[in-house]
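Structure data (mmCIF, N, CA and C atoms) from run-v9.cif:
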```
data_data
loop_
_atom_site.label_atom_id
_atom_site.label_comp_id
_atom_site.auth_asym_id
_atom_site.auth_seq_id
_atom_site.Cartn_x
_atom_site.Cartn_y
_atom_site.Cartn_z
N GLN K 104 -62.06 -169.34 -176.55
CA GLN K 104 -60.76 -168.99 -176.00
C GLN K 104 -59.76 -170.12 -176.22
N VAL K 105 -58.52 -169.70 -176.35
CA VAL K 105 -57.42 -170.65 -176.54
C VAL K 105 -56.40 -170.42 -175.44
N GLN K 106 -55.95 -171.48 -174.82
CA GLN K 106 -54.90 -171.40 -173.82
C GLN K 106 -53.62 -172.01 -174.41
N LEU K 107 -52.49 -171.37 -174.09
CA LEU K 107 -51.20 -171.82 -174.58
C LEU K 107 -50.27 -172.07 -173.41
N LEU K 108 -49.57 -173.19 -173.44
CA LEU K 108 -48.65 -173.53 -172.36
C LEU K 108 -47.30 -173.90 -172.94
N GLU K 109 -46.30 -173.08 -172.61
CA GLU K 109 -44.95 -173.33 -173.09
C GLU K 109 -44.19 -174.23 -172.13
N SER K 110 -43.20 -174.94 -172.68
CA SER K 110 -42.29 -175.73 -171.86
C SER K 110 -40.97 -175.87 -172.61
N GLY K 111 -39.94 -176.28 -171.86
CA GLY K 111 -38.66 -176.58 -172.50
C GLY K 111 -37.56 -175.58 -172.27
N GLY K 112 -37.85 -174.49 -171.58
CA GLY K 112 -36.81 -173.52 -171.31
C GLY K 112 -35.81 -174.03 -170.28
N GLY K 113 -34.73 -173.28 -170.11
CA GLY K 113 -33.74 -173.66 -169.13
C GLY K 113 -32.42 -172.97 -169.36
N LEU K 114 -31.40 -173.46 -168.69
CA LEU K 114 -30.05 -172.91 -168.79
C LEU K 114 -29.23 -173.79 -169.73
N VAL K 115 -28.57 -173.15 -170.68
CA VAL K 115 -27.75 -173.90 -171.63
C VAL K 115 -26.48 -173.10 -171.92
N GLN K 116 -25.41 -173.80 -172.22
CA GLN K 116 -24.15 -173.14 -172.53
C GLN K 116 -24.17 -172.61 -173.97
N PRO K 117 -23.38 -171.59 -174.24
CA PRO K 117 -23.28 -171.10 -175.63
C PRO K 117 -22.92 -172.23 -176.58
N GLY K 118 -23.59 -172.24 -177.72
CA GLY K 118 -23.40 -173.30 -178.69
C GLY K 118 -24.33 -174.48 -178.50
N GLY K 119 -25.03 -174.51 -177.40
CA GLY K 119 -25.93 -175.61 -177.10
C GLY K 119 -27.28 -175.51 -177.79
N SER K 120 -28.15 -176.46 -177.46
CA SER K 120 -29.47 -176.55 -178.08
C SER K 120 -30.56 -176.71 -177.04
N LEU K 121 -31.74 -176.24 -177.39
CA LEU K 121 -32.94 -176.45 -176.60
C LEU K 121 -34.11 -176.59 -177.57
N ARG K 122 -35.14 -177.30 -177.14
CA ARG K 122 -36.37 -177.35 -177.92
C ARG K 122 -37.52 -176.89 -177.03
N LEU K 123 -38.18 -175.85 -177.48
CA LEU K 123 -39.35 -175.34 -176.80
C LEU K 123 -40.61 -175.97 -177.42
N SER K 124 -41.59 -176.19 -176.55
CA SER K 124 -42.88 -176.69 -177.00
C SER K 124 -43.98 -175.77 -176.51
N CYS K 125 -45.05 -175.69 -177.28
CA CYS K 125 -46.21 -174.89 -176.88
C CYS K 125 -47.46 -175.69 -177.23
N ALA K 126 -48.18 -176.09 -176.21
CA ALA K 126 -49.40 -176.87 -176.41
C ALA K 126 -50.62 -175.97 -176.29
N ALA K 127 -51.50 -176.07 -177.27
CA ALA K 127 -52.73 -175.30 -177.27
C ALA K 127 -53.87 -176.15 -176.73
N SER K 128 -54.77 -175.50 -176.00
CA SER K 128 -55.96 -176.19 -175.50
C SER K 128 -57.14 -175.23 -175.56
N GLY K 129 -58.30 -175.75 -175.30
CA GLY K 129 -59.51 -174.92 -175.39
C GLY K 129 -60.10 -175.00 -176.79
N SER K 130 -60.46 -173.86 -177.32
CA SER K 130 -61.10 -173.80 -178.65
C SER K 130 -60.04 -173.83 -179.75
N THR K 131 -59.32 -174.93 -179.84
CA THR K 131 -58.17 -175.00 -180.74
C THR K 131 -58.57 -174.96 -182.22
N VAL K 132 -59.83 -175.18 -182.52
CA VAL K 132 -60.28 -175.07 -183.90
C VAL K 132 -60.10 -173.63 -184.40
N ARG K 133 -59.99 -172.69 -183.47
CA ARG K 133 -59.84 -171.29 -183.83
C ARG K 133 -58.39 -170.91 -184.15
N VAL K 134 -57.44 -171.82 -183.90
CA VAL K 134 -56.02 -171.47 -184.05
C VAL K 134 -55.62 -171.41 -185.52
N ASN K 135 -55.03 -170.27 -185.91
CA ASN K 135 -54.57 -170.10 -187.28
C ASN K 135 -53.04 -170.15 -187.26
N ALA K 136 -52.38 -169.07 -187.56
CA ALA K 136 -50.92 -169.03 -187.49
C ALA K 136 -50.47 -169.08 -186.03
N MET K 137 -49.29 -169.63 -185.82
CA MET K 137 -48.70 -169.65 -184.48
C MET K 137 -47.27 -169.13 -184.58
N GLY K 138 -46.74 -168.75 -183.44
CA GLY K 138 -45.38 -168.21 -183.49
C GLY K 138 -44.74 -168.13 -182.13
N TRP K 139 -43.47 -167.78 -182.17
CA TRP K 139 -42.69 -167.57 -180.95
C TRP K 139 -42.16 -166.13 -180.95
N TYR K 140 -42.27 -165.52 -179.79
CA TYR K 140 -41.71 -164.21 -179.55
C TYR K 140 -40.76 -164.35 -178.36
N ARG K 141 -39.92 -163.34 -178.19
CA ARG K 141 -39.05 -163.35 -177.00
C ARG K 141 -38.87 -161.94 -176.49
N GLN K 142 -38.59 -161.87 -175.19
CA GLN K 142 -38.34 -160.58 -174.56
C GLN K 142 -37.07 -160.69 -173.74
N PRO K 143 -35.96 -160.14 -174.28
CA PRO K 143 -34.70 -160.15 -173.53
C PRO K 143 -34.81 -159.24 -172.32
N PRO K 144 -33.95 -159.42 -171.32
CA PRO K 144 -34.00 -158.58 -170.13
C PRO K 144 -33.86 -157.11 -170.48
N GLY K 145 -34.81 -156.32 -170.02
CA GLY K 145 -34.75 -154.88 -170.23
C GLY K 145 -35.09 -154.41 -171.63
N LYS K 146 -35.57 -155.32 -172.47
CA LYS K 146 -35.87 -154.95 -173.85
C LYS K 146 -37.32 -155.27 -174.19
N GLN K 147 -37.73 -154.83 -175.39
CA GLN K 147 -39.09 -155.08 -175.81
C GLN K 147 -39.25 -156.49 -176.40
N ARG K 148 -40.47 -156.94 -176.42
CA ARG K 148 -40.77 -158.23 -177.02
C ARG K 148 -40.56 -158.15 -178.53
N GLU K 149 -40.00 -159.22 -179.09
CA GLU K 149 -39.72 -159.26 -180.52
C GLU K 149 -40.13 -160.60 -181.10
N SER K 150 -40.45 -160.58 -182.39
CA SER K 150 -40.82 -161.81 -183.07
C SER K 150 -39.58 -162.64 -183.35
N VAL K 151 -39.70 -163.94 -183.17
CA VAL K 151 -38.61 -164.87 -183.44
C VAL K 151 -38.90 -165.71 -184.67
N ALA K 152 -40.06 -166.34 -184.67
CA ALA K 152 -40.43 -167.21 -185.78
C ALA K 152 -41.94 -167.39 -185.80
N GLY K 153 -42.47 -167.62 -186.98
CA GLY K 153 -43.90 -167.88 -187.12
C GLY K 153 -44.13 -169.02 -188.09
N ILE K 154 -45.32 -169.60 -188.01
CA ILE K 154 -45.64 -170.70 -188.92
C ILE K 154 -47.13 -170.64 -189.22
N THR K 155 -47.47 -170.76 -190.50
CA THR K 155 -48.86 -170.71 -190.89
C THR K 155 -49.58 -172.01 -190.55
N ARG K 156 -50.88 -171.97 -190.71
CA ARG K 156 -51.70 -173.16 -190.41
C ARG K 156 -51.27 -174.36 -191.26
N ASP K 157 -50.82 -174.06 -192.51
CA ASP K 157 -50.39 -175.15 -193.39
C ASP K 157 -48.89 -175.37 -193.37
N GLY K 158 -48.20 -174.79 -192.38
CA GLY K 158 -46.82 -175.16 -192.14
C GLY K 158 -45.73 -174.32 -192.78
N ARG K 159 -46.06 -173.16 -193.30
CA ARG K 159 -45.02 -172.31 -193.90
C ARG K 159 -44.37 -171.45 -192.82
N PRO K 160 -43.03 -171.56 -192.67
CA PRO K 160 -42.35 -170.83 -191.60
C PRO K 160 -41.76 -169.50 -192.06
N ASP K 161 -41.52 -168.64 -191.12
CA ASP K 161 -40.70 -167.48 -191.38
C ASP K 161 -39.93 -167.16 -190.10
N TYR K 162 -38.79 -166.49 -190.26
CA TYR K 162 -37.87 -166.29 -189.15
C TYR K 162 -37.35 -164.86 -189.10
N ALA K 163 -37.03 -164.43 -187.90
CA ALA K 163 -36.28 -163.19 -187.74
C ALA K 163 -34.87 -163.42 -188.27
N ASP K 164 -34.27 -162.38 -188.82
CA ASP K 164 -32.92 -162.52 -189.38
C ASP K 164 -31.92 -163.03 -188.34
N SER K 165 -32.13 -162.65 -187.09
CA SER K 165 -31.17 -162.99 -186.04
C SER K 165 -31.12 -164.47 -185.72
N VAL K 166 -32.14 -165.23 -186.14
CA VAL K 166 -32.18 -166.66 -185.80
C VAL K 166 -32.17 -167.56 -187.03
N LYS K 167 -32.21 -166.98 -188.22
CA LYS K 167 -32.21 -167.79 -189.44
C LYS K 167 -30.99 -168.69 -189.48
N GLY K 168 -31.23 -169.95 -189.83
CA GLY K 168 -30.14 -170.90 -189.91
C GLY K 168 -29.82 -171.58 -188.58
N ARG K 169 -30.37 -171.07 -187.49
CA ARG K 169 -30.11 -171.66 -186.17
C ARG K 169 -31.37 -172.23 -185.54
N PHE K 170 -32.50 -171.56 -185.75
CA PHE K 170 -33.76 -171.98 -185.14
C PHE K 170 -34.67 -172.57 -186.21
N THR K 171 -35.48 -173.55 -185.79
CA THR K 171 -36.46 -174.16 -186.69
C THR K 171 -37.80 -174.25 -185.98
N ILE K 172 -38.82 -173.69 -186.61
CA ILE K 172 -40.17 -173.77 -186.06
C ILE K 172 -40.94 -174.86 -186.81
N SER K 173 -41.76 -175.58 -186.08
CA SER K 173 -42.60 -176.62 -186.68
C SER K 173 -43.87 -176.73 -185.87
N ARG K 174 -44.86 -177.40 -186.45
CA ARG K 174 -46.11 -177.59 -185.71
C ARG K 174 -46.69 -178.95 -186.04
N ASP K 175 -47.39 -179.49 -185.06
CA ASP K 175 -48.09 -180.75 -185.22
C ASP K 175 -49.55 -180.44 -184.93
N ASN K 176 -50.34 -180.30 -185.99
CA ASN K 176 -51.73 -179.88 -185.80
C ASN K 176 -52.54 -180.94 -185.07
N ALA K 177 -52.19 -182.19 -185.24
CA ALA K 177 -52.92 -183.26 -184.53
C ALA K 177 -52.70 -183.14 -183.03
N LYS K 178 -51.49 -182.77 -182.64
CA LYS K 178 -51.17 -182.62 -181.22
C LYS K 178 -51.42 -181.21 -180.72
N LYS K 179 -51.82 -180.31 -181.66
CA LYS K 179 -52.11 -178.92 -181.29
C LYS K 179 -50.89 -178.29 -180.61
N THR K 180 -49.72 -178.56 -181.16
CA THR K 180 -48.47 -178.12 -180.55
C THR K 180 -47.55 -177.49 -181.59
N VAL K 181 -46.87 -176.44 -181.17
CA VAL K 181 -45.85 -175.82 -182.01
C VAL K 181 -44.52 -175.93 -181.27
N TYR K 182 -43.46 -176.12 -182.03
CA TYR K 182 -42.14 -176.33 -181.47
C TYR K 182 -41.16 -175.27 -181.98
N LEU K 183 -40.14 -175.05 -181.20
CA LEU K 183 -39.03 -174.20 -181.64
C LEU K 183 -37.73 -174.91 -181.28
N GLN K 184 -37.07 -175.44 -182.29
CA GLN K 184 -35.77 -176.07 -182.09
C GLN K 184 -34.71 -174.99 -182.21
N MET K 185 -33.93 -174.82 -181.17
CA MET K 185 -32.93 -173.76 -181.12
C MET K 185 -31.55 -174.39 -181.04
N ASN K 186 -30.75 -174.18 -182.06
CA ASN K 186 -29.38 -174.69 -182.09
C ASN K 186 -28.40 -173.52 -182.13
N GLY K 187 -27.16 -173.79 -181.80
CA GLY K 187 -26.16 -172.73 -181.84
C GLY K 187 -26.53 -171.54 -180.99
N LEU K 188 -27.02 -171.81 -179.80
CA LEU K 188 -27.50 -170.71 -178.96
C LEU K 188 -26.38 -169.77 -178.55
N LYS K 189 -26.73 -168.49 -178.48
CA LYS K 189 -25.79 -167.44 -178.11
C LYS K 189 -26.29 -166.73 -176.86
N PRO K 190 -25.40 -166.07 -176.13
CA PRO K 190 -25.86 -165.34 -174.94
C PRO K 190 -26.96 -164.32 -175.27
N GLU K 191 -26.92 -163.76 -176.46
CA GLU K 191 -27.95 -162.77 -176.82
C GLU K 191 -29.31 -163.41 -177.11
N ASP K 192 -29.40 -164.73 -177.10
CA ASP K 192 -30.69 -165.40 -177.22
C ASP K 192 -31.39 -165.50 -175.86
N THR K 193 -30.69 -165.11 -174.80
CA THR K 193 -31.30 -165.14 -173.47
C THR K 193 -32.53 -164.26 -173.43
N ALA K 194 -33.66 -164.84 -173.02
CA ALA K 194 -34.92 -164.11 -173.01
C ALA K 194 -36.01 -165.00 -172.45
N VAL K 195 -37.13 -164.38 -172.16
CA VAL K 195 -38.36 -165.15 -171.92
C VAL K 195 -39.01 -165.36 -173.28
N TYR K 196 -39.29 -166.59 -173.61
CA TYR K 196 -39.89 -166.94 -174.89
C TYR K 196 -41.38 -167.19 -174.70
N PHE K 197 -42.16 -166.53 -175.56
CA PHE K 197 -43.62 -166.59 -175.48
C PHE K 197 -44.17 -167.24 -176.74
N CYS K 198 -45.17 -168.07 -176.54
CA CYS K 198 -45.90 -168.66 -177.65
C CYS K 198 -47.09 -167.76 -177.98
N ASN K 199 -47.40 -167.67 -179.25
CA ASN K 199 -48.51 -166.84 -179.72
C ASN K 199 -49.34 -167.61 -180.73
N ALA K 200 -50.64 -167.39 -180.69
CA ALA K 200 -51.54 -168.00 -181.68
C ALA K 200 -52.55 -166.97 -182.14
N GLU K 201 -52.81 -166.99 -183.43
CA GLU K 201 -53.77 -166.07 -184.01
C GLU K 201 -55.12 -166.75 -184.16
N ASP K 202 -56.18 -166.02 -183.81
CA ASP K 202 -57.52 -166.56 -183.94
C ASP K 202 -57.95 -166.51 -185.40
N LEU K 203 -58.37 -167.65 -185.91
CA LEU K 203 -58.75 -167.77 -187.32
C LEU K 203 -59.95 -166.91 -187.67
N TYR K 204 -60.84 -166.67 -186.72
CA TYR K 204 -62.11 -166.02 -187.02
C TYR K 204 -62.12 -164.52 -186.77
N ASN K 205 -61.37 -164.06 -185.76
CA ASN K 205 -61.44 -162.63 -185.45
C ASN K 205 -60.08 -161.94 -185.40
N GLY K 206 -59.00 -162.70 -185.67
CA GLY K 206 -57.67 -162.09 -185.70
C GLY K 206 -57.07 -161.79 -184.35
N ALA K 207 -57.76 -162.15 -183.29
CA ALA K 207 -57.22 -161.91 -181.95
C ALA K 207 -55.96 -162.76 -181.74
N HIS K 208 -55.14 -162.32 -180.81
CA HIS K 208 -53.91 -163.06 -180.50
C HIS K 208 -53.95 -163.57 -179.08
N TYR K 209 -53.56 -164.81 -178.94
CA TYR K 209 -53.48 -165.44 -177.64
C TYR K 209 -52.00 -165.62 -177.28
N TRP K 210 -51.72 -165.52 -175.97
CA TRP K 210 -50.33 -165.61 -175.50
C TRP K 210 -50.20 -166.62 -174.38
N GLY K 211 -49.06 -167.33 -174.38
CA GLY K 211 -48.70 -168.12 -173.23
C GLY K 211 -48.03 -167.25 -172.18
N LYS K 212 -47.69 -167.86 -171.05
CA LYS K 212 -47.08 -167.10 -169.96
C LYS K 212 -45.57 -166.98 -170.10
N GLY K 213 -45.00 -167.76 -171.01
CA GLY K 213 -43.58 -167.65 -171.28
C GLY K 213 -42.73 -168.69 -170.57
N THR K 214 -41.58 -168.94 -171.17
CA THR K 214 -40.59 -169.84 -170.57
C THR K 214 -39.21 -169.20 -170.73
N LEU K 215 -38.43 -169.25 -169.67
CA LEU K 215 -37.14 -168.55 -169.66
C LEU K 215 -36.05 -169.41 -170.27
N VAL K 216 -35.31 -168.81 -171.19
CA VAL K 216 -34.12 -169.43 -171.78
C VAL K 216 -32.92 -168.59 -171.40
N THR K 217 -31.95 -169.21 -170.77
CA THR K 217 -30.73 -168.52 -170.36
C THR K 217 -29.54 -169.20 -171.01
N VAL K 218 -28.78 -168.44 -171.78
CA VAL K 218 -27.59 -168.97 -172.45
C VAL K 218 -26.38 -168.35 -171.78
N SER K 219 -25.65 -169.17 -171.06
CA SER K 219 -24.52 -168.66 -170.28
C SER K 219 -23.56 -169.79 -169.97
N SER K 220 -22.30 -169.43 -169.87
CA SER K 220 -21.30 -170.41 -169.48
C SER K 220 -21.05 -170.34 -167.98
#
```

Reformat the file's structure so that it appears as structure tokens.
Amino acid sequence: QVQLLESGGGLVQPGGSLRLSCAASGSTVRVNAMGWYRQPPGKQRESVAGITRDGRPDYADSVKGRFTISRDNAKKTVYLQMNGLKPEDTAVYFCNAEDLYNGAHYWGKGTLVTVSS
């Protein structure tokens, strides 16, 4: 089993920045790709960004050019640098990790990001 713990959420004004972190623990040798999802109020969860085990990123169109995903395998941590935040980025952000051996997905409990003036 893999446990994921997100941190870094909070309240920020439009145009501001935040950096989210997600630390993995437990059987971290099983961690393959990692990613960030978000669930805006009253909406479904959606993919934001993902990163492969060897560091190749991909992004949702809505965040390209504003968000950057990275990972530090030694620290077993994935990051999401969010710049140019907009009110529509308001959501609970969840960390996700894929199991290398069986394809299962692990989830963190989420961290709330609120973009408001």

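The residue set within 9 Å of Val105 of chain K, counting only C-alpha atoms and dropping same-chain residues fewer than 4 places from it, reads Ala127, Ser128, Gly129, Ser130, Thr131, Arg133, Val134, Ala200, Asp202, Tyr209 and Trp210 of chain K.
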
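Ranking K:Gln147, K:Ser124, K:Ser220, K:Thr193 by their shortest atom-to-atom distance to Ser173 of chain K, with only C-alpha atoms included, puts K:Ser124 first.
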
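Of the listed residues K:Arg141, K:Glu201, K:Leu123, K:Thr217, the one whose atoms come nearest to Ile172 of chain K is K:Leu123, with distances taken using only C-alpha atoms.
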
statement: Counting all atoms listed in the file, the residue among K:Leu108, K:Ala207, K:Val132, K:Val195 that lies closest to Pro144 of chain K is K:Val195

- request: Between K:Leu183, K:Pro117, K:Trp139, K:Cys125, single out the one closest to Thr171 of chain K, counting all atoms listed in the file.
  value: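 Under the stated criterion, the closest residue is K:Leu183.
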
Residues flagged strand (DSSP E) by DSSP in segment 120-196 of chain K, as number ranges by chain: K: 121-129, 134-142, 149-154, 160-162, 170-175, 180-185, 194-196

query: Which residues fall under the PyMOL selection byres ((chain K and resi 162) around 7) in this file, as a VMD selection string?
result: chain K and resid 150 to 153 160 to 161 163 to 167

message: Just the number, please: distance in Å from atom N of Ser110 of chain K to atom N of Thr214 of chain K, one decimal.
response: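 Computed distance, atom N of Ser110 of chain K to atom N of Thr214 of chain K, equals 6.4 Å.
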
task: Taking (-46.5, -165.1, -176.3) in the file's own coordinates, collect the residues within 6 Å, counting all atoms listed in the file, and hand them back as an NGL selection string.
output: :K and (140 or 196-199 or 209-211)

task: Find the distance between atom N of Asp157 of chain K and atom CA of Asp175 of chain K and write it in Å to one decimal.
output: 10.3 Å

query: atom C of Arg122 of chain K to atom C of Gln184 of chain K: how many Å, to one decimal?
result: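 We find that atom C of Arg122 of chain K and atom C of Gln184 of chain K lie 6.2 Å from each other.
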
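Using all atoms listed in the file, the nearest neighbour of Val181 of chain K within the list K:Ala194, K:Met137, K:Val115, K:Val216 is K:Met137.
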